[in-house]
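Content type compact mmCIF, C-alpha atoms and all ligand atoms, from the file query.txt:
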# COMPACT_ATOMS: atom_id res chain seq x y z
CA MET A 1317 149.64 254.65 95.41
CA VAL A 1318 146.62 256.07 97.18
CA THR A 1319 146.45 255.37 100.88
CA PRO A 1320 142.88 254.59 101.90
CA PRO A 1321 141.42 256.75 104.66
CA PRO A 1322 141.27 255.22 108.13
CA LEU A 1323 138.05 253.41 108.91
CA PRO A 1324 135.51 255.28 110.98
CA GLU A 1325 134.74 253.82 114.39
CA SER A 1326 131.15 253.12 113.31
CA VAL A 1327 132.29 250.37 110.94
CA GLN A 1328 133.57 248.28 113.76
CA HIS A 1329 130.30 246.58 114.60
CA SER A 1330 130.68 245.19 118.00
CA THR A 1331 128.79 242.00 118.56
CA ALA A 1332 129.11 239.42 121.28
CA ILE A 1333 132.76 238.58 121.12
CA GLY A 1334 133.59 234.91 121.37
CA LYS A 1335 137.30 234.96 122.07
CA HIS A 1336 139.43 231.88 122.03
CA PRO A 1337 142.57 233.17 123.74
CA CYS A 1338 146.06 231.71 123.70
CA ALA A 1339 146.92 229.97 126.99
CA GLU A 1340 150.47 231.40 126.85
CA CYS A 1341 150.02 235.06 125.89
CA GLY A 1342 146.26 235.70 125.80
CA ALA A 1343 146.12 236.71 122.12
CA ASN A 1344 143.34 235.44 119.84
CA LEU A 1345 144.04 232.07 118.25
CA GLU A 1346 143.62 231.67 114.48
CA TRP A 1347 142.88 228.65 112.30
CA SER A 1348 146.04 227.28 110.64
CA ALA A 1349 145.57 225.38 107.37
CA ARG A 1350 149.00 223.76 107.72
CA LYS A 1351 148.53 222.49 111.27
CA GLN A 1352 144.75 221.94 111.05
CA ALA A 1353 144.56 223.49 114.50
CA LEU A 1354 144.20 226.84 116.23
CA VAL A 1355 147.55 228.61 116.44
CA CYS A 1356 148.59 231.80 118.20
CA PRO A 1357 149.86 234.25 115.55
CA TYR A 1358 152.16 235.86 118.13
CA CYS A 1359 153.83 233.08 120.13
CA GLY A 1360 153.04 230.04 117.96
CA THR A 1361 151.24 228.08 120.67
CA THR A 1362 148.96 225.42 119.19
CA ALA A 1363 145.63 224.44 120.70
CA PRO A 1364 143.80 221.27 119.66
CA TRP A 1365 140.49 222.08 118.05
CA GLN A 1366 137.60 219.98 116.85
CA GLY A 1367 135.24 222.91 116.40
CA ALA A 1368 133.22 224.64 119.06
CA HIS A 1369 130.13 222.56 118.36
CA ALA A 1370 131.80 219.22 117.77
CA GLN A 1371 131.51 218.20 121.41
CA THR A 1372 127.86 219.16 121.69
CA GLY A 1373 127.02 217.20 118.54
CA ASP A 1374 125.39 220.21 116.89
CA ALA A 1375 124.37 219.12 113.39
CA ILE A 1376 124.80 221.27 110.29
CA ALA A 1377 121.67 223.43 110.30
CA GLU A 1378 119.37 223.69 107.30
CA LEU A 1379 116.97 226.67 107.29
CA ASP A 1380 113.46 226.74 105.90
CA LEU A 1381 113.59 228.64 102.59
CA GLU A 1382 109.97 229.82 102.39
CA ARG A 1383 110.11 231.18 105.91
CA ALA A 1384 113.44 232.93 105.41
CA LEU A 1385 112.23 234.63 102.21
CA ARG A 1386 109.18 235.93 104.10
CA ASP A 1387 111.04 236.89 107.25
CA PRO A 1388 114.81 237.24 106.79
CA ALA A 1389 115.24 238.10 110.47
CA ILE A 1390 115.26 234.40 111.40
CA THR A 1391 118.53 233.98 109.54
CA ARG A 1392 120.44 236.56 111.53
CA LYS A 1393 122.63 235.79 114.43
CA ASN A 1394 125.92 237.39 115.25
CA TRP A 1395 129.28 236.41 113.89
CA GLY A 1396 130.60 235.86 117.41
CA ALA A 1397 133.32 238.36 116.74
CA GLU A 1398 134.09 241.95 115.86
CA LEU A 1399 133.62 242.72 112.17
CA LYS A 1400 135.05 245.32 109.85
CA GLU A 1401 133.80 245.56 106.30
CA VAL A 1402 135.32 247.30 103.32
CA LYS A 1403 134.09 247.66 99.77
CA CYS A 1404 136.42 247.83 96.78
CA GLN A 1405 135.66 250.83 94.55
CA SER A 1406 137.18 249.02 91.60
CA CYS A 1407 135.65 245.50 91.56
CA HIS A 1408 132.89 246.14 94.16
CA ALA A 1409 133.71 243.07 96.24
CA VAL A 1410 132.89 243.48 99.93
CA SER A 1411 135.44 241.97 102.32
CA VAL A 1412 134.73 241.17 105.94
CA PHE A 1413 137.52 241.05 108.49
CA VAL A 1414 136.84 239.19 111.70
CA ASP A 1415 138.80 240.39 114.72
CA SER A 1416 141.64 241.38 112.45
CA ARG A 1417 143.27 244.26 110.68
CA VAL A 1418 141.70 245.48 107.46
CA ALA A 1419 143.82 244.87 104.36
CA GLN A 1420 145.18 247.97 102.60
CA ARG A 1421 144.40 246.62 99.15
CA CYS A 1422 141.51 244.67 97.70
CA ASP A 1423 142.25 240.93 97.93
CA PHE A 1424 140.37 240.31 94.69
CA CYS A 1425 141.81 242.86 92.26
CA GLY A 1426 144.70 244.49 94.12
CA SER A 1427 143.15 247.96 94.01
CA PRO A 1428 144.03 250.27 96.92
CA ALA A 1429 140.68 252.08 96.47
CA ILE A 1430 138.82 250.47 99.34
CA VAL A 1431 136.33 252.26 101.57
CA ALA A 1432 134.52 251.37 104.75
CA HIS A 1433 131.27 249.56 104.03
CA GLU A 1434 128.25 250.00 106.25
CA ASP A 1435 126.55 246.74 107.07
CA GLN A 1436 122.82 247.40 106.78
CA GLY A 1437 122.24 244.82 109.47
CA ASP A 1438 120.17 242.72 107.07
CA ALA A 1439 122.86 240.34 105.93
CA ILE A 1440 122.39 236.63 106.50
CA THR A 1441 125.19 235.19 108.61
CA PRO A 1442 126.94 231.96 107.63
CA GLN A 1443 125.67 228.79 109.31
CA SER A 1444 128.51 226.51 108.39
CA ILE A 1445 131.99 226.53 107.02
CA LEU A 1446 134.52 224.36 105.23
CA PRO A 1447 137.79 225.22 107.00
CA PHE A 1448 141.05 225.63 105.07
CA LYS A 1449 142.83 222.33 104.55
CA ILE A 1450 145.56 223.18 102.02
CA SER A 1451 148.28 225.52 103.30
CA ASP A 1452 149.80 228.41 101.36
CA GLY A 1453 153.07 226.46 100.95
CA GLN A 1454 151.28 223.53 99.30
CA ILE A 1455 149.35 225.93 97.06
CA ARG A 1456 152.55 227.62 95.88
CA ASP A 1457 153.96 224.24 94.81
CA LEU A 1458 150.73 223.45 92.95
CA ILE A 1459 150.75 226.87 91.26
CA LYS A 1460 154.39 226.35 90.17
CA LYS A 1461 153.39 223.08 88.50
CA TRP A 1462 150.37 224.76 86.94
CA TYR A 1463 152.55 227.55 85.54
CA ARG A 1464 154.96 225.10 83.89
CA THR A 1465 152.12 223.78 81.74
CA ARG A 1466 151.12 227.27 80.50
CA TRP A 1467 152.62 227.80 77.07
CA PHE A 1468 153.49 231.30 75.94
CA ALA A 1469 152.58 232.83 79.27
CA PRO A 1470 154.38 236.11 79.92
CA ASN A 1471 157.08 236.11 82.59
CA ARG A 1472 154.90 238.49 84.57
CA LEU A 1473 152.53 235.57 85.18
CA LYS A 1474 155.36 233.45 86.52
CA THR A 1475 156.49 236.25 88.83
CA ALA A 1476 152.94 236.76 90.06
CA ALA A 1477 152.34 233.05 90.51
CA LEU A 1478 155.53 232.57 92.49
CA THR A 1479 155.98 235.75 94.49
CA ASP A 1480 152.73 237.74 94.66
CA THR A 1481 150.66 237.65 97.77
CA LEU A 1482 148.49 234.61 98.09
CA HIS A 1483 145.22 235.61 99.66
CA GLY A 1484 143.34 233.07 101.74
CA ILE A 1485 139.67 233.94 101.40
CA TYR A 1486 136.41 232.40 102.54
CA LEU A 1487 133.85 232.76 99.76
CA PRO A 1488 130.09 232.89 100.30
CA TYR A 1489 127.94 230.10 98.86
CA TRP A 1490 124.31 229.19 99.12
CA THR A 1491 123.24 225.57 99.21
CA PHE A 1492 119.68 224.42 98.55
CA ASP A 1493 117.89 221.18 99.37
CA ALA A 1494 114.47 220.10 98.14
CA HIS A 1495 112.24 217.06 97.83
CA VAL A 1496 110.75 216.99 94.38
CA ASP A 1497 107.84 214.97 93.06
CA ALA A 1498 107.69 215.21 89.27
CA HIS A 1499 105.22 213.94 86.68
CA TRP A 1500 106.38 213.88 83.11
CA ARG A 1501 104.85 213.30 79.68
CA ALA A 1502 106.66 212.82 76.43
CA GLU A 1503 106.53 211.08 73.10
CA ALA A 1504 108.85 208.09 73.16
CA GLY A 1505 110.51 207.31 69.87
CA HIS A 1506 111.27 203.72 68.81
CA TYR A 1507 113.55 203.17 65.85
CA TYR A 1508 112.64 200.75 63.10
CA TYR A 1509 114.16 200.16 59.71
CA VAL A 1510 112.64 199.86 56.28
CA THR A 1511 114.26 198.63 53.14
CA GLU A 1512 114.27 201.12 50.30
CA SER A 1513 115.40 200.48 46.78
CA TYR A 1514 117.29 203.04 44.77
CA ARG A 1515 119.49 203.26 41.67
CA ASP A 1516 123.21 203.72 42.11
CA SER A 1517 125.35 205.96 39.90
CA SER A 1518 125.75 203.30 37.22
CA GLY A 1519 121.99 202.75 37.02
CA HIS A 1520 121.83 199.40 38.87
CA SER A 1521 118.98 198.76 41.29
CA GLN A 1522 120.17 198.58 44.93
CA THR A 1523 118.53 198.37 48.37
CA ARG A 1524 119.38 200.11 51.61
CA GLN A 1525 118.15 200.21 55.25
CA VAL A 1526 116.55 203.49 56.33
CA GLN A 1527 115.91 204.39 59.99
CA LYS A 1528 112.40 205.55 60.91
CA VAL A 1529 110.88 206.51 64.26
CA ARG A 1530 107.57 205.30 65.67
CA TRP A 1531 106.25 207.84 68.22
CA VAL A 1532 104.32 206.50 71.22
CA PRO A 1533 102.92 208.61 74.09
CA ALA A 1534 104.63 207.94 77.43
CA SER A 1535 104.42 209.29 80.95
CA GLY A 1536 105.96 208.65 84.34
CA ARG A 1537 106.70 209.88 87.81
CA LEU A 1538 110.01 210.67 89.43
CA ARG A 1539 110.82 211.46 93.01
CA HIS A 1540 114.17 212.89 93.96
CA PHE A 1541 115.92 214.59 96.84
CA PHE A 1542 118.26 217.41 95.87
CA ASP A 1543 121.03 217.69 98.45
CA ASP A 1544 123.25 220.78 98.54
CA GLU A 1545 122.73 222.43 95.17
CA LEU A 1546 125.51 225.00 95.27
CA VAL A 1547 125.05 228.60 94.12
CA PRO A 1548 128.00 230.99 94.55
CA GLY A 1549 127.27 234.33 96.21
CA SER A 1550 130.69 235.75 95.33
CA SER A 1551 131.31 238.69 93.03
CA GLY A 1552 135.00 239.12 93.75
CA VAL A 1553 136.14 235.90 92.09
CA HIS A 1554 135.54 235.35 88.39
CA GLN A 1555 132.65 232.89 88.05
CA GLN A 1556 134.14 230.58 85.44
CA LEU A 1557 137.22 230.06 87.65
CA LEU A 1558 135.04 229.28 90.62
CA ARG A 1559 133.08 226.67 88.68
CA ALA A 1560 136.40 225.19 87.54
CA VAL A 1561 137.74 224.60 91.07
CA GLU A 1562 134.48 223.09 92.38
CA PRO A 1563 133.37 220.82 93.95
CA PHE A 1564 133.66 221.68 97.60
CA PRO A 1565 132.72 218.61 99.70
CA THR A 1566 129.85 220.37 101.46
CA GLN A 1567 127.75 217.24 101.96
CA THR A 1568 130.36 215.52 104.11
CA ASP A 1569 132.93 217.91 105.54
CA LEU A 1570 131.11 221.08 106.64
CA LYS A 1571 131.60 222.32 110.19
CA PRO A 1572 129.20 224.57 112.10
CA TYR A 1573 130.36 228.18 111.77
CA SER A 1574 132.67 229.37 114.51
CA PRO A 1575 134.64 232.65 114.52
CA GLU A 1576 137.90 230.80 115.21
CA TYR A 1577 137.92 229.47 111.64
CA VAL A 1578 137.69 232.90 110.01
CA ARG A 1579 139.80 235.01 112.36
CA GLY A 1580 142.86 236.24 110.47
CA TRP A 1581 141.36 235.32 107.07
CA THR A 1582 139.38 237.50 104.69
CA VAL A 1583 135.69 236.67 104.28
CA GLU A 1584 133.80 237.88 101.24
CA ARG A 1585 130.31 239.23 101.87
CA TYR A 1586 127.79 237.70 99.46
CA GLN A 1587 126.54 239.93 96.64
CA ILE A 1588 123.93 237.55 95.29
CA GLY A 1589 121.13 237.65 97.87
CA LEU A 1590 119.00 234.76 99.07
CA ALA A 1591 116.02 235.38 96.76
CA ASP A 1592 118.16 235.60 93.61
CA ALA A 1593 120.29 232.64 94.68
CA ALA A 1594 117.14 230.58 95.40
CA ALA A 1595 115.88 231.33 91.87
CA LEU A 1596 119.24 230.28 90.40
CA GLY A 1597 119.27 227.13 92.52
CA ARG A 1598 115.75 226.29 91.36
CA ARG A 1599 116.82 226.67 87.73
CA GLN A 1600 119.78 224.33 88.34
CA MET A 1601 117.46 221.74 89.91
CA ASP A 1602 114.87 222.10 87.10
CA SER A 1603 117.55 221.48 84.53
CA LYS A 1604 118.87 218.38 86.33
CA LEU A 1605 115.31 217.14 86.82
CA HIS A 1606 114.61 217.49 83.11
CA THR A 1607 117.66 215.34 82.34
CA MET A 1608 116.60 212.72 84.91
CA CYS A 1609 113.06 212.54 83.48
CA ALA A 1610 114.44 212.32 79.95
CA SER A 1611 116.43 209.25 80.94
CA GLN A 1612 113.19 207.60 82.13
CA VAL A 1613 111.45 207.96 78.77
CA PRO A 1614 111.43 204.49 77.16
CA GLY A 1615 112.57 203.85 73.62
CA ASP A 1616 115.50 205.13 71.62
CA THR A 1617 114.71 208.84 71.58
CA TYR A 1618 112.05 211.30 72.75
CA ARG A 1619 110.39 214.61 71.97
CA ASN A 1620 107.98 217.09 73.61
CA LEU A 1621 109.08 216.24 77.15
CA GLN A 1622 107.01 218.15 79.70
CA VAL A 1623 107.81 218.03 83.40
CA HIS A 1624 105.46 219.17 86.16
CA ALA A 1625 107.41 219.33 89.38
CA ASP A 1626 106.28 219.93 92.92
CA TYR A 1627 109.05 221.10 95.25
CA GLN A 1628 108.56 220.45 98.96
CA GLY A 1629 110.60 221.02 102.08
CA ARG A 1630 112.93 223.54 100.49
CA THR A 1631 115.78 224.45 102.82
CA PHE A 1632 118.99 226.37 102.44
CA LYS A 1633 122.26 227.18 104.14
CA HIS A 1634 124.63 230.09 103.81
CA ILE A 1635 128.11 228.63 103.98
CA LEU A 1636 131.72 229.73 103.59
CA VAL A 1637 134.25 227.79 101.52
CA PRO A 1638 138.04 228.33 101.36
CA VAL A 1639 140.00 229.49 98.31
CA TRP A 1640 143.49 230.79 97.68
CA LEU A 1641 143.67 233.66 95.23
CA VAL A 1642 146.46 235.42 93.34
CA SER A 1643 145.40 238.39 91.28
CA TYR A 1644 147.72 240.31 89.01
CA THR A 1645 147.39 242.93 86.35
CA TYR A 1646 148.82 242.57 82.87
CA GLY A 1647 148.23 245.42 80.51
CA ARG A 1648 144.95 246.88 81.69
CA LYS A 1649 143.30 243.64 82.73
CA THR A 1650 143.16 241.86 86.07
CA PHE A 1651 143.87 238.14 85.89
CA GLN A 1652 143.16 235.70 88.69
CA ILE A 1653 144.63 232.35 89.65
CA LEU A 1654 142.28 230.51 91.98
CA ALA A 1655 142.84 227.39 94.06
CA ASN A 1656 140.35 225.35 96.04
CA GLY A 1657 141.55 225.66 99.66
CA TYR A 1658 140.20 222.22 100.47
CA THR A 1659 141.08 220.05 97.47
CA GLY A 1660 143.95 222.04 95.87
CA GLN A 1661 142.21 222.16 92.46
CA ILE A 1662 143.61 225.12 90.46
CA ALA A 1663 142.17 227.24 87.67
CA GLY A 1664 143.72 230.37 86.28
CA GLU A 1665 143.36 233.06 83.70
CA ARG A 1666 146.41 233.90 81.74
CA PRO A 1667 147.42 236.35 79.08
CA TYR A 1668 149.45 235.23 76.06
CA SER A 1669 152.85 236.74 75.53
CA TRP A 1670 152.96 237.86 71.89
CA VAL A 1671 156.71 238.36 72.20
CA LYS A 1672 157.17 234.69 73.13
CA ILE A 1673 154.81 233.52 70.38
CA PHE A 1674 156.65 235.70 67.84
CA LEU A 1675 160.05 234.35 68.92
CA ALA A 1676 158.78 230.76 68.84
CA SER A 1677 157.35 231.26 65.33
CA LEU A 1678 160.63 232.82 64.22
CA ALA A 1679 162.56 229.84 65.62
CA ALA A 1680 160.22 227.45 63.80
CA LEU A 1681 160.76 229.31 60.51
CA ILE A 1682 164.54 229.17 60.95
CA VAL A 1683 164.40 225.40 61.61
CA LEU A 1684 162.18 224.96 58.55
CA GLY A 1685 164.64 227.01 56.48
CA ILE A 1686 167.57 224.86 57.59
CA VAL A 1687 165.68 221.63 56.85
CA LEU A 1688 164.70 222.86 53.37
CA TYR A 1689 168.29 223.96 52.72
CA PHE A 1690 169.69 220.49 53.46
CA MET A 1691 166.95 218.74 51.49
CA GLN A 1692 168.02 220.46 48.28
ZN ZN B 1 150.25 233.24 122.24
ZN ZN B 2 138.70 244.91 94.10

Target encoding structure tokens, full file:
Amino acid sequence: MVTPPPLPESVQHSTAIGKHPCAECGANLEWSARKQALVCPYCGTTAPWQGAHAQTGDAIAELDLERALRDPAITRKNWGAELKEVKCQSCHAVSVFVDSRVAQRCDFCGSPAIVAHEDQGDAITPQSILPFKISDGQIRDLIKKWYRTRWFAPNRLKTAALTDTLHGIYLPYWTFDAHVDAHWRAEAGHYYYVTESYRDSSGHSQTRQVQKVRWVPASGRLRHFFDDELVPGSSGVHQQLLRAVEPFPTQTDLKPYSPEYVRGWTVERYQIGLADAAALGRRQMDSKLHTMCASQVPGDTYRNLQVHADYQGRTFKHILVPVWLVSYTYGRKTFQILANGYTGQIAGERPYSWVKIFLASLAALIVLGIVLYFMQ
């Protein structure tokens, strides 16, 4: 095992430090998923916590997208804590540690090849956060159940699922809102039936109903508000797993960002920037809009649907959402088991054990042999 070099002092960006100290021992309190409260990691003292902004009634902020793309500086504030960033040389994920010790291995792939990462100072800071709700104990129980339904999984998967380190990570997401005013045109198809006569195989004259389509031009207008179109900014977690553990209830349960939520947890730095994410979000909205317009076309079917959409009031947020992650290697590949840290939804990748499949096939053949023997 390679021991990573110590982090240079320059990585430890010092920003305004918003401490939330323990009343008993003065250490920094951390968010506990199990207790849904701030807990002192040293003496266990619990402090009630509704979020720093809950009392002041600070709403979840949406930022103007056009303005932010022109002038990203408006999106920067400080994290309210001391940050250390490391980049994994193997999977390239960038992890942020807030007021806490840097992990010795990459949380995403387990590689020890991590190096200090220089923040260019241009990163957009998170505006809001979905705090952890499901504790590591609950997740282990859910993963055990999940494992029992995996046929022909190698024992290594079971060991990893039950004993390997569960990493609690906040993943970066972008959310986009927009008011859209769309005009559409299409040809609406109406079915009608005609009676055709034909000769059957024995030469008798028969009739049958044949479906035809009458095409009529149609047009319409659709107005819609897109609320929180989610685009992941993560590169450390495999995308298809992430999509499988969604949704995260961002429309109802987000809290304004506060360093207390992330202290002691790993935060992944986004790798898909705002401009790229905005383009992806726009494509998602366009696709949904197309489906909505299609459902407005009268008749039984349609063709040549064209949508002209005007997007107004586009806003975005950079948010953090909680996941639990187990990553393990089998052969040369890294496999991940991912759980939604808010809903407990699990998705995992798994190798197949060819030894187990071979033994099961062998057992089936033996049973078949015995059955055939007694049937004689
Ligand atoms: Zn304490
Ligand atoms: Zn990695």

Skip Asp1387 of chain A itself and residues of its chain fewer than 5 positions away, then list as a list of chain:residue names all residues within 12 Å of it, counting only C-alpha atoms.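 Residues meeting the cut-off are A:Leu1379, A:Asp1380, A:Leu1381, A:Glu1382, A:Arg1392, A:Asp1438, A:Ile1440, A:Leu1590, A:Ala1591.
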
One decimal, in Å: what's the spacing between atom CA of Ala1593 of chain A and atom CA of Ile1635 of chain A?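 Atom-to-atom, atom CA of Ala1593 of chain A and atom CA of Ile1635 of chain A are spaced 12.8 Å apart.
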
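With the cut-off set to 7 Å and all atoms listed in the file counted, the residues surrounding ligand ZN 2 (chain B) are Cys1404, Gln1405, Ser1406, Cys1407, His1408, Ala1409, Cys1422, Asp1423, Phe1424, Cys1425, Gly1426, Ser1427 and Gly1552 of chain A.
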
Taking a cut-off of 12 Å and counting all atoms listed in the file, can you build a table that, for each residue of chain A near ligand ZN 1 (chain B), reports the nearest atom pair and how far apart they are in Å (one decimal), sorted by chain then residue number, as JSON lines?
{"residue": "A:His1336", "atom": "CA", "partner": "B:ZN1", "partner_atom": "ZN", "distance": 10.9}
{"residue": "A:Pro1337", "atom": "CA", "partner": "B:ZN1", "partner_atom": "ZN", "distance": 7.8}
{"residue": "A:Cys1338", "atom": "CA", "partner": "B:ZN1", "partner_atom": "ZN", "distance": 4.7}
{"residue": "A:Ala1339", "atom": "CA", "partner": "B:ZN1", "partner_atom": "ZN", "distance": 6.7}
{"residue": "A:Glu1340", "atom": "CA", "partner": "B:ZN1", "partner_atom": "ZN", "distance": 5.0}
{"residue": "A:Cys1341", "atom": "CA", "partner": "B:ZN1", "partner_atom": "ZN", "distance": 4.1}
{"residue": "A:Gly1342", "atom": "CA", "partner": "B:ZN1", "partner_atom": "ZN", "distance": 5.9}
{"residue": "A:Ala1343", "atom": "CA", "partner": "B:ZN1", "partner_atom": "ZN", "distance": 5.4}
{"residue": "A:Asn1344", "atom": "CA", "partner": "B:ZN1", "partner_atom": "ZN", "distance": 7.6}
{"residue": "A:Leu1345", "atom": "CA", "partner": "B:ZN1", "partner_atom": "ZN", "distance": 7.5}
{"residue": "A:Glu1346", "atom": "CA", "partner": "B:ZN1", "partner_atom": "ZN", "distance": 10.3}
{"residue": "A:Leu1354", "atom": "CA", "partner": "B:ZN1", "partner_atom": "ZN", "distance": 10.7}
{"residue": "A:Val1355", "atom": "CA", "partner": "B:ZN1", "partner_atom": "ZN", "distance": 7.9}
{"residue": "A:Cys1356", "atom": "CA", "partner": "B:ZN1", "partner_atom": "ZN", "distance": 4.6}
{"residue": "A:Pro1357", "atom": "CA", "partner": "B:ZN1", "partner_atom": "ZN", "distance": 6.8}
{"residue": "A:Tyr1358", "atom": "CA", "partner": "B:ZN1", "partner_atom": "ZN", "distance": 5.2}
{"residue": "A:Cys1359", "atom": "CA", "partner": "B:ZN1", "partner_atom": "ZN", "distance": 4.2}
{"residue": "A:Gly1360", "atom": "CA", "partner": "B:ZN1", "partner_atom": "ZN", "distance": 6.0}
{"residue": "A:Thr1361", "atom": "CA", "partner": "B:ZN1", "partner_atom": "ZN", "distance": 5.5}
{"residue": "A:Thr1362", "atom": "CA", "partner": "B:ZN1", "partner_atom": "ZN", "distance": 8.5}
{"residue": "A:Ala1363", "atom": "CA", "partner": "B:ZN1", "partner_atom": "ZN", "distance": 10.1}

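Proximity ranking of A:Tyr1463, A:Trp1670, A:Trp1490, A:Tyr1573 relative to Ile1588 of chain A places A:Trp1490 first, based on all atoms listed in the file.
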
Atom CA of Arg1537 of chain A to atom CA of Trp1500 of chain A, distance in Å rounded to a single decimal: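 Between these atoms lies a distance of 6.2 Å.
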